[in-house]
file input-v5.tsv (TSV, C-alpha atoms and all ligand atoms)
chain	number	residue	atom	x	y	z
D	6	MET	CA	84.00	110.11	139.89
D	7	LYS	CA	86.33	107.65	141.53
D	8	ARG	CA	87.04	107.36	145.23
D	9	PHE	CA	90.60	106.37	146.06
D	10	VAL	CA	91.76	105.37	149.54
D	11	ILE	CA	95.50	105.36	150.20
D	12	GLY	CA	97.24	103.63	153.11
D	13	ASP	CA	100.18	104.59	155.31
D	14	ILE	CA	102.85	106.55	153.39
D	15	HIS	CA	105.51	107.20	156.07
D	16	GLY	CA	107.65	109.64	154.15
D	17	CYS	CA	107.75	107.69	150.87
D	18	LEU	CA	107.21	110.69	148.62
D	19	SER	CA	108.50	109.25	145.32
D	20	THR	CA	106.39	106.13	145.86
D	21	LEU	CA	103.30	108.24	146.58
D	22	LYS	CA	103.85	110.37	143.46
D	23	ALA	CA	104.25	107.23	141.34
D	24	LEU	CA	101.01	105.83	142.77
D	25	ILE	CA	99.13	109.06	142.04
D	26	GLU	CA	100.38	108.83	138.42
D	27	LYS	CA	99.32	105.20	138.22
D	28	ILE	CA	95.73	105.89	139.31
D	29	ALA	CA	95.53	108.89	136.96
D	30	LEU	CA	93.91	111.06	139.63
D	31	SER	CA	91.59	113.73	138.25
D	32	LYS	CA	90.03	116.72	139.97
D	33	ASN	CA	86.62	115.04	139.79
D	34	ASP	CA	87.86	112.14	141.89
D	35	GLN	CA	87.96	111.98	145.65
D	36	ILE	CA	91.17	110.93	147.35
D	37	TYR	CA	91.22	109.73	150.95
D	38	PHE	CA	94.37	109.30	152.99
D	39	LEU	CA	94.37	106.94	155.98
D	40	GLY	CA	97.04	108.88	157.92
D	41	ASP	CA	100.72	108.33	158.88
D	42	TYR	CA	102.22	110.64	156.28
D	43	ILE	CA	105.38	111.16	158.30
D	44	ASP	CA	108.20	109.34	160.15
D	45	LYS	CA	110.24	106.21	159.38
D	46	GLY	CA	110.77	107.18	155.72
D	47	LYS	CA	113.02	109.99	154.62
D	48	ASP	CA	110.62	112.67	153.41
D	49	GLY	CA	107.57	113.00	155.64
D	50	ALA	CA	107.66	116.78	155.24
D	51	GLY	CA	107.70	116.31	151.46
D	52	VAL	CA	104.68	113.99	151.65
D	53	VAL	CA	102.74	116.57	153.65
D	54	ASP	CA	103.81	119.31	151.21
D	55	PHE	CA	102.57	117.16	148.33
D	56	VAL	CA	99.19	116.47	149.97
D	57	MET	CA	98.81	120.19	150.76
D	58	GLN	CA	99.69	120.96	147.13
D	59	LEU	CA	96.91	118.63	145.94
D	60	GLN	CA	94.51	120.51	148.23
D	61	GLN	CA	95.69	123.88	146.93
D	62	GLU	CA	95.24	122.68	143.35
D	63	ASN	CA	91.64	121.85	144.22
D	64	TYR	CA	91.88	118.10	144.14
D	65	LYS	CA	89.21	116.62	146.41
D	66	VAL	CA	91.45	115.55	149.28
D	67	PHE	CA	90.16	114.01	152.51
D	68	ALA	CA	92.94	113.50	154.99
D	69	LEU	CA	92.81	111.37	158.11
D	70	ARG	CA	95.05	111.51	161.13
D	71	GLY	CA	97.43	108.69	162.03
D	72	ASN	CA	99.12	108.04	165.34
D	73	HIS	CA	102.33	109.62	163.97
D	74	GLU	CA	100.60	112.97	163.36
D	75	GLU	CA	98.77	112.64	166.70
D	76	ASN	CA	102.06	111.94	168.48
D	77	PHE	CA	103.74	114.91	166.84
D	78	LEU	CA	100.96	117.20	168.11
D	79	TYR	CA	101.07	115.57	171.55
D	80	ALA	CA	104.83	116.01	171.81
D	81	TYR	CA	104.49	119.65	170.82
D	82	LYS	CA	101.66	120.25	173.29
D	83	ASN	CA	103.89	118.92	176.06
D	84	TYR	CA	106.82	120.82	174.61
D	85	ASN	CA	110.24	120.18	176.07
D	86	PRO	CA	112.97	121.61	173.82
D	87	LYS	CA	115.43	118.75	174.33
D	88	THR	CA	113.12	115.75	174.15
D	89	PHE	CA	110.94	117.23	171.40
D	90	VAL	CA	113.79	117.79	168.98
D	91	LYS	CA	115.33	114.41	169.80
D	92	PHE	CA	111.97	112.70	169.30
D	93	ILE	CA	111.23	114.36	165.97
D	94	ARG	CA	114.73	114.54	164.49
D	95	THR	CA	116.56	111.50	165.78
D	96	ILE	CA	113.90	108.93	166.60
D	97	ASN	CA	111.35	109.73	163.92
D	98	LYS	CA	113.76	111.14	161.30
D	99	SER	CA	111.35	113.98	160.59
D	100	GLY	CA	113.61	116.97	161.23
D	101	ASP	CA	112.31	118.68	158.10
D	102	LEU	CA	109.06	119.34	159.96
D	103	LEU	CA	110.98	121.69	162.27
D	104	GLU	CA	112.48	125.15	161.99
D	105	ASP	CA	116.18	125.54	162.75
D	106	ASP	CA	115.28	126.57	166.30
D	107	GLY	CA	113.55	123.21	166.86
D	108	LEU	CA	109.98	124.46	166.80
D	109	PRO	CA	107.51	122.94	164.34
D	110	LYS	CA	106.96	124.71	161.06
D	111	GLN	CA	103.58	126.37	161.32
D	112	LYS	CA	102.28	124.94	158.03
D	113	TYR	CA	102.72	121.38	159.32
D	114	LEU	CA	101.08	122.16	162.66
D	115	ASN	CA	98.12	123.65	160.78
D	116	PHE	CA	97.87	120.59	158.52
D	117	PHE	CA	98.08	118.08	161.38
D	118	GLN	CA	95.55	119.96	163.54
D	119	LYS	CA	92.97	119.90	160.75
D	120	LEU	CA	93.20	116.15	160.11
D	121	ASP	CA	90.03	114.18	160.74
D	122	TYR	CA	89.83	111.08	162.91
D	123	PHE	CA	87.42	109.16	160.72
D	124	PHE	CA	85.10	109.47	157.75
D	125	GLU	CA	81.73	107.83	157.33
D	126	LEU	CA	80.80	107.31	153.67
D	127	ASP	CA	77.74	105.66	152.11
D	128	ASN	CA	79.03	102.12	152.59
D	129	PHE	CA	82.36	102.62	154.30
D	130	TRP	CA	84.11	103.76	157.43
D	131	LEU	CA	87.62	105.08	156.98
D	132	VAL	CA	89.90	105.30	160.02
D	133	HIS	CA	93.63	104.95	160.68
D	134	GLY	CA	93.52	102.33	163.44
D	135	GLY	CA	89.98	101.31	164.35
D	136	PHE	CA	86.99	102.01	166.57
D	137	ASN	CA	86.37	101.22	170.21
D	138	VAL	CA	83.52	98.80	169.55
D	139	ALA	CA	83.95	97.21	172.99
D	140	GLN	CA	82.59	100.41	174.54
D	141	PRO	CA	79.68	101.45	172.29
D	142	GLU	CA	79.13	104.77	174.05
D	143	LYS	CA	82.69	105.78	173.17
D	144	CYS	CA	82.81	104.27	169.70
D	145	PHE	CA	82.77	107.57	167.80
D	146	THR	CA	84.47	109.75	170.42
D	147	ASP	CA	87.44	107.64	171.51
D	148	THR	CA	90.03	109.29	169.31
D	149	ILE	CA	92.98	107.44	170.86
D	150	THR	CA	91.48	104.17	169.64
D	151	MET	CA	90.92	105.70	166.21
D	152	VAL	CA	94.63	106.32	165.73
D	153	GLU	CA	96.10	103.47	167.80
D	154	LYS	CA	93.80	100.43	167.63
D	155	LYS	CA	95.38	97.12	166.64
D	156	PRO	CA	93.86	94.97	165.37
D	157	ALA	CA	90.79	96.73	164.00
D	158	GLU	CA	87.57	95.12	165.23
D	159	TYR	CA	84.11	95.02	163.75
D	160	HIS	CA	80.64	95.44	165.23
D	161	GLU	CA	77.72	94.93	162.85
D	162	GLU	CA	75.21	97.15	164.64
D	163	LEU	CA	77.51	100.00	165.68
D	164	LEU	CA	79.17	100.16	162.28
D	165	LYS	CA	75.80	99.78	160.50
D	166	GLY	CA	77.02	96.94	158.29
D	167	LYS	CA	79.40	99.31	156.47
D	168	THR	CA	82.88	98.13	155.50
D	169	LEU	CA	85.71	99.32	157.73
D	170	ILE	CA	88.87	100.35	155.87
D	171	HIS	CA	91.94	101.05	157.95
D	172	GLY	CA	95.73	101.40	157.95
D	173	HIS	CA	98.18	101.41	160.89
D	174	GLN	CA	98.87	97.68	161.10
D	175	ILE	CA	101.03	96.11	158.42
D	176	HIS	CA	99.38	93.27	156.56
D	177	TYR	CA	100.87	90.98	153.94
D	178	LEU	CA	99.71	91.60	150.41
D	179	GLU	CA	97.84	88.31	150.25
D	180	LYS	CA	95.81	89.26	153.33
D	181	ILE	CA	94.90	92.60	151.76
D	182	THR	CA	93.91	91.15	148.38
D	183	THR	CA	91.91	88.36	150.01
D	184	ALA	CA	89.96	90.85	152.14
D	185	ILE	CA	89.18	92.89	149.02
D	186	GLU	CA	88.19	89.87	146.90
D	187	ASN	CA	85.94	88.57	149.65
D	188	LYS	CA	84.50	92.01	150.34
D	189	ALA	CA	85.34	91.47	153.99
D	190	LYS	CA	83.84	93.80	156.60
D	191	ILE	CA	87.35	94.86	157.60
D	192	ILE	CA	89.83	95.77	154.86
D	193	PRO	CA	93.42	96.61	155.82
D	194	LEU	CA	95.39	98.82	153.43
D	195	ASP	CA	98.80	99.13	155.08
D	196	ASN	CA	101.32	96.94	153.28
D	197	GLY	CA	104.23	98.67	155.03
D	198	CYS	CA	105.47	100.53	151.97
D	199	VAL	CA	108.39	102.06	153.87
D	200	HIS	CA	109.85	98.65	154.77
D	201	ASN	CA	111.37	97.44	151.51
D	202	VAL	CA	114.75	96.34	152.81
D	203	ARG	CA	114.35	94.83	156.25
D	204	HIS	CA	111.87	94.47	159.07
D	205	LYS	CA	112.35	92.84	162.44
D	206	ILE	CA	109.04	90.96	162.31
D	207	TYR	CA	107.72	90.88	158.75
D	208	ASP	CA	108.94	89.05	155.65
D	209	VAL	CA	109.88	92.00	153.42
D	210	THR	CA	109.08	90.07	150.24
D	211	LYS	CA	105.39	90.32	151.22
D	212	ILE	CA	105.36	93.99	152.20
D	213	GLY	CA	106.86	97.23	150.85
D	214	GLN	CA	104.05	98.44	148.61
D	215	LEU	CA	101.85	101.48	148.90
D	216	ALA	CA	98.23	100.37	148.46
D	217	CYS	CA	95.27	102.24	147.07
D	218	LEU	CA	91.70	100.92	146.86
D	219	GLU	CA	89.14	102.46	144.52
D	220	LEU	CA	85.85	102.17	146.33
D	221	ASN	CA	83.43	102.03	143.38
D	222	SER	CA	85.21	99.31	141.38
D	223	PHE	CA	87.01	97.71	144.37
D	224	GLU	CA	90.15	97.74	142.26
D	225	LEU	CA	93.42	97.60	144.17
D	226	PHE	CA	96.37	99.66	142.92
D	227	LEU	CA	99.85	98.91	144.22
D	228	GLN	CA	103.04	100.89	143.98
D	229	LYS	CA	106.28	99.27	144.98
D	230	ASN	CA	108.63	101.32	147.13
D	231	ILE	CA	110.89	103.30	144.78
D	232	GLU	CA	112.65	105.43	147.40
D	233	GLU	CA	116.40	105.78	146.96
D	234	GLY	CA	118.95	105.03	149.64
E	1	MN	MN	100.02	104.07	162.40
call {"tool": "encode", "arguments": {"input": "input-v5.tsv", "output": "structure tokens", "more": "lines below"}}
Ligand SMILES: [Mn+2]
result
Amino acid sequence: MKRFVIGDIHGCLSTLKALIEKIALSKNDQIYFLGDYIDKGKDGAGVVDFVMQLQQENYKVFALRGNHEENFLYAYKNYNPKTFVKFIRTINKSGDLLEDDGLPKQKYLNFFQKLDYFFELDNFWLVHGGFNVAQPEKCFTDTITMVEKKPAEYHEELLKGKTLIHGHQIHYLEKITTAIENKAKIIPLDNGCVHNVRHKIYDVTKIGQLACLELNSFELFLQKNIEEG
């Protein structure tokens, strides 16, 4: 049994499918997603459909919540017809998550609401952003920090010496591979796969890949962005 952890996908469905092929996922394996399935890229709804399909086909899927799923739910909770549709369709380019009348499709709401904030495994913590280690009493209840924290921080005692694996903040490939080679206590897995053409801050020659770490072998799998258009 292998345990695969996949970073931020942001609507890159073809890239995700290619990565799943590359790792030769079987139904005995576990697959963990670090959140941020939607927005920025062109097919967030398709990514969620694909993850739900894996679940329905009885793959062992463990899905975390990113700030983009959290923000979708927050915007819906504070529903305002004009701003909600503008936020989802125009700003986030995720109109496919909505019905024609502008309300969210129920299947996506259900999926987002069920997403976990973190997983604790034998030797690992998996979380989208990080933990509030500055306030120990809130460390495992501060869900805003779990989806939003940048940069992720470590605390030996609170995190029991287990390795923290997170997404949310784009890291250059070299930073990711170095953390894995050194078995660092914090391992970032977001290489900004959606940004293969331009980015206002990052050098796009060092980002643009969807990363997957297999936890038993510590092998890193990379899939270059293959989205069209
Ligand atoms: Mn994020």
call {"tool": "residues_around", "arguments": {"input": "input-v5.tsv", "residues": "Asp41 (chain D)", "least_positions_apart": "6", "cutoff": "7 Å", "atoms": "all atoms listed in the file", "output": "list in words"}}
result
Asp13, Ile14, His15, Arg70, Gly71, Asn72, His73 and Glu74 of chain D
call {"tool": "residues_around", "arguments": {"input": "input-v5.tsv", "residues": "region 169-178 of chain D", "least_positions_apart": "5", "cutoff": "10 Å", "atoms": "only C-alpha atoms", "output": "PyMOL selection string"}}
result
chain D and resi 10-14+38-41+71-73+123+125+128-136+151-160+164+183-184+189-198+200+207-214+216+218+227
call {"tool": "atom_distance", "arguments": {"input": "input-v5.tsv", "atom1": "CA of Lys32 (chain D)", "atom2": "CA of Met6 (chain D)"}}
result
8.9 Å
call {"tool": "closest_residue", "arguments": {"input": "input-v5.tsv", "among": "D:Leu108, D:Leu21, D:Ile149, D:Ala139", "to": "ligand MN 1 (chain E)", "atoms": "only C-alpha atoms and all ligand atoms"}}
result
D:Ile149
call {"tool": "residues_near_point", "arguments": {"input": "input-v5.tsv", "point": "(96.1, 122.7, 165.4)", "cutoff": "12 Å", "atoms": "only C-alpha atoms", "output": "list in words"}}
result
Glu74, Glu75, Phe77, Leu78, Tyr79, Tyr81, Lys82, Pro109, Lys110, Gln111, Lys112, Tyr113, Leu114, Asn115, Phe116, Phe117, Gln118, Lys119, Leu120 and Asp121 of chain D
call {"tool": "closest_residue", "arguments": {"input": "input-v5.tsv", "among": "D:Leu103, D:Tyr37, D:Phe67, D:Thr150", "to": "ligand MN 1 (chain E)", "atoms": "only C-alpha atoms and all ligand atoms"}}
result
D:Thr150
call {"tool": "closest_residue", "arguments": {"input": "input-v5.tsv", "among": "D:Val52, D:Leu69, D:Leu220, D:Leu126", "to": "Lys165 (chain D)", "atoms": "all atoms listed in the file"}}
result
D:Leu126
call {"tool": "closest_residue", "arguments": {"input": "input-v5.tsv", "among": "D:Ile96, D:Lys205, D:Gly46, D:Phe226", "to": "Ile181 (chain D)", "atoms": "only C-alpha atoms"}}
result
D:Phe226
